[in-house]
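Structure first, then comments.
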Amino acid sequence: MSQHSGMISNAKQRTSGSDPLGRYYTNNLASEILVEQLSLANPTRILDLGSGGGALSVAASQLWGSVEIVTVDIEDTVIPFSTSKQMTHRLHLKHDALDPELPHLIKKMGLVDVGVCNPPFTKPDWREGFGNLLEDAGLNDCVATHKDVTSDLLFLAQNLRVVRNAGHIGIIVPDGLITGKRYKKLRKKLVESHCINSVVKLPRNAFAKTDAQAFILTLVKNGASNGNIELKEMFYNGIVSAPIYVNPEDAVERLDFSFNLIKRSAELAGQTLSSLNPKIYRGKISSAERRLMPTPAFHISDFPEFKSESFNIPTKFNIKNSLLNPPSYLTTVPGDILLARVGRNLDKKICYVRQGEALITDCIFLIRVQKEFSQKVYQALSSIKGRHWIRSAARGVSALHIAKSDLLNFPLDLNEYK
């Protein structure tokens, strides 16, 4: 997520902690892991689009020695002298990395074997050349509207335009491209048209000043598929997990390691939350409406300190009779399970309602199952394993959110709980 491109000044940043151009800076471990995922033995020329501080270029030069490296950025790429002196074959273009004419400039230098890229995580204001850029890369039908066109998608498209056939691309992308429903068509296109070698989930400390979730995606342009796709996870200490492999159909659904690993656990368990025919409701009161109500609605800030025990709803949430007339209000009853739908720590925002009633905001899910199962479902959700599943199933670059459809796939082994 680091580098930038000469992006439009009005680009909307999707996460906090970045600089004004949406850049986050890659740490050495993430850079090294990215280039190690690229299986090309002896590339001649490497392109680093939106090179920023040059972390990926440095890692590439350390792996491949005297390879020619072309960096492109709207600003000068500043690489420390101690490392830049090792990069004897480096050319920097001070240029907009998303210029539709850039491939013509690059190809004058010769074929590009490898593209490495850590783009800004922004939503740029649309401009005319972006359509040509996406069309040339074969990605123009992968998004519904211009609003879904993000900088990382454009950088991926530009790499596909510039890198030679059978060349390798390693790019850092945000959570949305890997797990988001709106980018399912994109994943399908990549799976069908290119060979995805690996996807590595990065830890949330992989970039300075942010805990944004990101992934390393590596592929071979127009390469024949190897069948199953390798998924891995990099931990906070830089160690990378053993891989798991997913088929193309599962890859289109989601390409992240944690979700697919836990999905296998659910298949082994043989039962999911959906098998209990639960009622899962999303609260209907917005934060703005909550502030105007005479009786407060239960919000994510009202969850008790996380602990595995039942919860009495405080009397301040007791609903005045005058509020009960509109049929659209959703109120808790004893035995309900409340779970935060959004938030950084949504896996810790879980409670079992023992007594009391309350209206709930639209940031909360209410889960209602048959009484004989409610305690067991709560114990499963609030267990260490359950919380890990929730966090893995949630989506989001910085703040997380979980979907009702994901909750229905929560694995259950009711025999584990009393």
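Identifiers for the structure tokens are assigned positionally: chains receive A, B, ... in sequence, residues are indexed from 1 per chain, and ligands are indexed from 1 in the order shown.
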
Task: Residues flagged strand (DSSP E or B) by DSSP in segment 129-362 of chain A, as a PyMOL selection string - done: chain A and resi 163-174+195-201+207+214-220+229-234+240+244-246+272+279-282+285+298+310-312+331+337-340+342-343+350-355+359-361

- [ ] Quick one: pick out all alpha helix (DSSP H) residues within segment 64-311 of chain A from a backbone DSSP run and write them as a VMD selection string.
- [x] chain A and resid 64 81 to 84 102 to 107 128 to 136 151 to 162 175 to 179 184 to 193 248 to 253 257 to 269 287 to 292

Open item on the list: Excluding Asn260 of chain A and its own-chain neighbours fewer than 6 positions away, which residues fall within 9 Å of it when counting only C-alpha atoms? Please give them as a PyMOL selection string.
Closed with: chain A and resi 231+244-246+250-251+254

Task: Contacts of Leu63 of chain A at 8 Å (only C-alpha atoms; same-chain gap of 4+ positions) as a VMD selection string - done: chain A and resid 35 to 36 59

Would you mind listing what lies within 9 Å of Glu416 of chain A as a PDB file with C-alpha atoms, in the first residue's frame, with only C-alpha atoms counted and same-chain residues fewer than 2 positions away left out?
```
ATOM      1  CA  LYS A 376     -24.111 -23.629  23.258  1.00  0.00           C
ATOM      2  CA  ALA A 380     -19.045 -21.576  20.507  1.00  0.00           C
ATOM      3  CA  LEU A 412     -20.660 -25.866  15.108  1.00  0.00           C
ATOM      4  CA  ASP A 413     -19.875 -28.974  17.075  1.00  0.00           C
ATOM      5  CA  LEU A 414     -22.534 -28.774  19.783  1.00  0.00           C
ATOM      6  CA  LYS A 418     -22.627 -28.136  27.845  1.00  0.00           C
TER       7      LYS A 418
END
```

TODO: Grab the atom CA of Lys201 of chain A to atom CA of Ala224 of chain A distance for me, in Å with one decimal place.
DONE: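 For atom CA of Lys201 of chain A relative to atom CA of Ala224 of chain A, the distance reads 23.6 Å.
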
Task: Contact residues around segment 154-163 of chain A with only C-alpha atoms at 7 Å, ignoring same-chain residues under 3 positions, as a PyMOL selection string - done: chain A and resi 98+103+112-115+119+133-134+136-137+150-151+167+221

Open item on the list: Neighbouring residues of Phe235 of chain A were defined as those with any atom within 12 Å, considering only C-alpha atoms; residues of the same chain fewer than 6 positions away were excluded. Please report them as a PyMOL selection string.
Closed with: chain A and resi 29-30+33+200-206+241-242+257-258

Export C-alpha atoms of the chosen residues as an mmCIF file, in the first residue's frame?
```cif
data_model
loop_
_atom_site.group_PDB
_atom_site.id
_atom_site.type_symbol
_atom_site.label_atom_id
_atom_site.label_comp_id
_atom_site.auth_asym_id
_atom_site.auth_seq_id
_atom_site.Cartn_x
_atom_site.Cartn_y
_atom_site.Cartn_z
ATOM 1 C CA LEU A 29 10.092 -8.420 5.713
ATOM 2 C CA ALA A 30 7.011 -7.889 3.545
ATOM 3 C CA ILE A 33 8.431 -12.177 1.174
ATOM 4 C CA VAL A 200 0.010 -14.426 1.213
ATOM 5 C CA LYS A 201 -1.963 -12.792 4.008
ATOM 6 C CA LEU A 202 0.186 -10.112 5.663
ATOM 7 C CA PRO A 203 0.045 -9.251 9.372
ATOM 8 C CA ARG A 204 -1.626 -5.992 10.306
ATOM 9 C CA ASN A 205 1.735 -4.502 11.326
ATOM 10 C CA ALA A 206 3.224 -4.949 7.856
ATOM 11 C CA SER A 241 2.902 -20.577 7.417
ATOM 12 C CA ALA A 242 2.823 -23.865 5.578
ATOM 13 C CA PHE A 257 -5.688 -18.213 3.928
ATOM 14 C CA SER A 258 -7.543 -17.894 7.248
#
```

Task: Using only C-alpha atoms: which of A:Gln213, A:Ser405, A:Ser51, A:Ser286 has the shortest distance to Cys363 of chain A - done: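 With only C-alpha atoms as the atom set, the closest residue is A:Ser286.
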
TODO: Would you mind telling me which residue in A:Val70, A:Leu339, A:Ile402, A:Val240 lies nearest to Val58 of chain A when using only C-alpha atoms?
DONE: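 When distances to Val58 of chain A are compared using only C-alpha atoms, the smallest one comes from A:Val70.
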
Residues of segment 191-298 of chain A within 8 Å of segment 385-399 of chain A: nearest atom pair and distance (Å, one decimal) for each, counting only C-alpha atoms, sorted by chain and number, as CSV?
```
residue,atom,partner,partner_atom,distance
A:Thr210,CA,A:Ser398,CA,7.9
A:Asp211,CA,A:Ser398,CA,6.2
A:Ala212,CA,A:Ser398,CA,4.4
A:Gln213,CA,A:Val397,CA,4.7
A:Ala214,CA,A:Val397,CA,7.0
A:Ser258,CA,A:Ser392,CA,5.5
A:Phe259,CA,A:Ser392,CA,5.4
A:Ile262,CA,A:Trp389,CA,6.6
```

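Shortest separation to Gly283 of chain A among A:Asn222, A:Thr332, A:Thr295, A:Asn247 occurs at residue A:Thr332, atoms counted being only C-alpha atoms.
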
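Counting only C-alpha atoms, the residue from A:Ser274, A:Asn118, A:Ser39, A:Thr331 that sits nearest to Ser198 of chain A is A:Ser39.
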
TODO: Could you tell me which of A:Thr218, A:Asn312, A:Glu101, A:Gly110 comes closest to Asn132 of chain A if we count only C-alpha atoms?
DONE: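 Closest residue, counting only C-alpha atoms: A:Glu101.
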
Open item on the list: Quick check, in Å to one decimal: how far apart do atom CA of Phe215 of chain A and atom CA of Glu249 of chain A lie?
Closed with: 19.4 Å
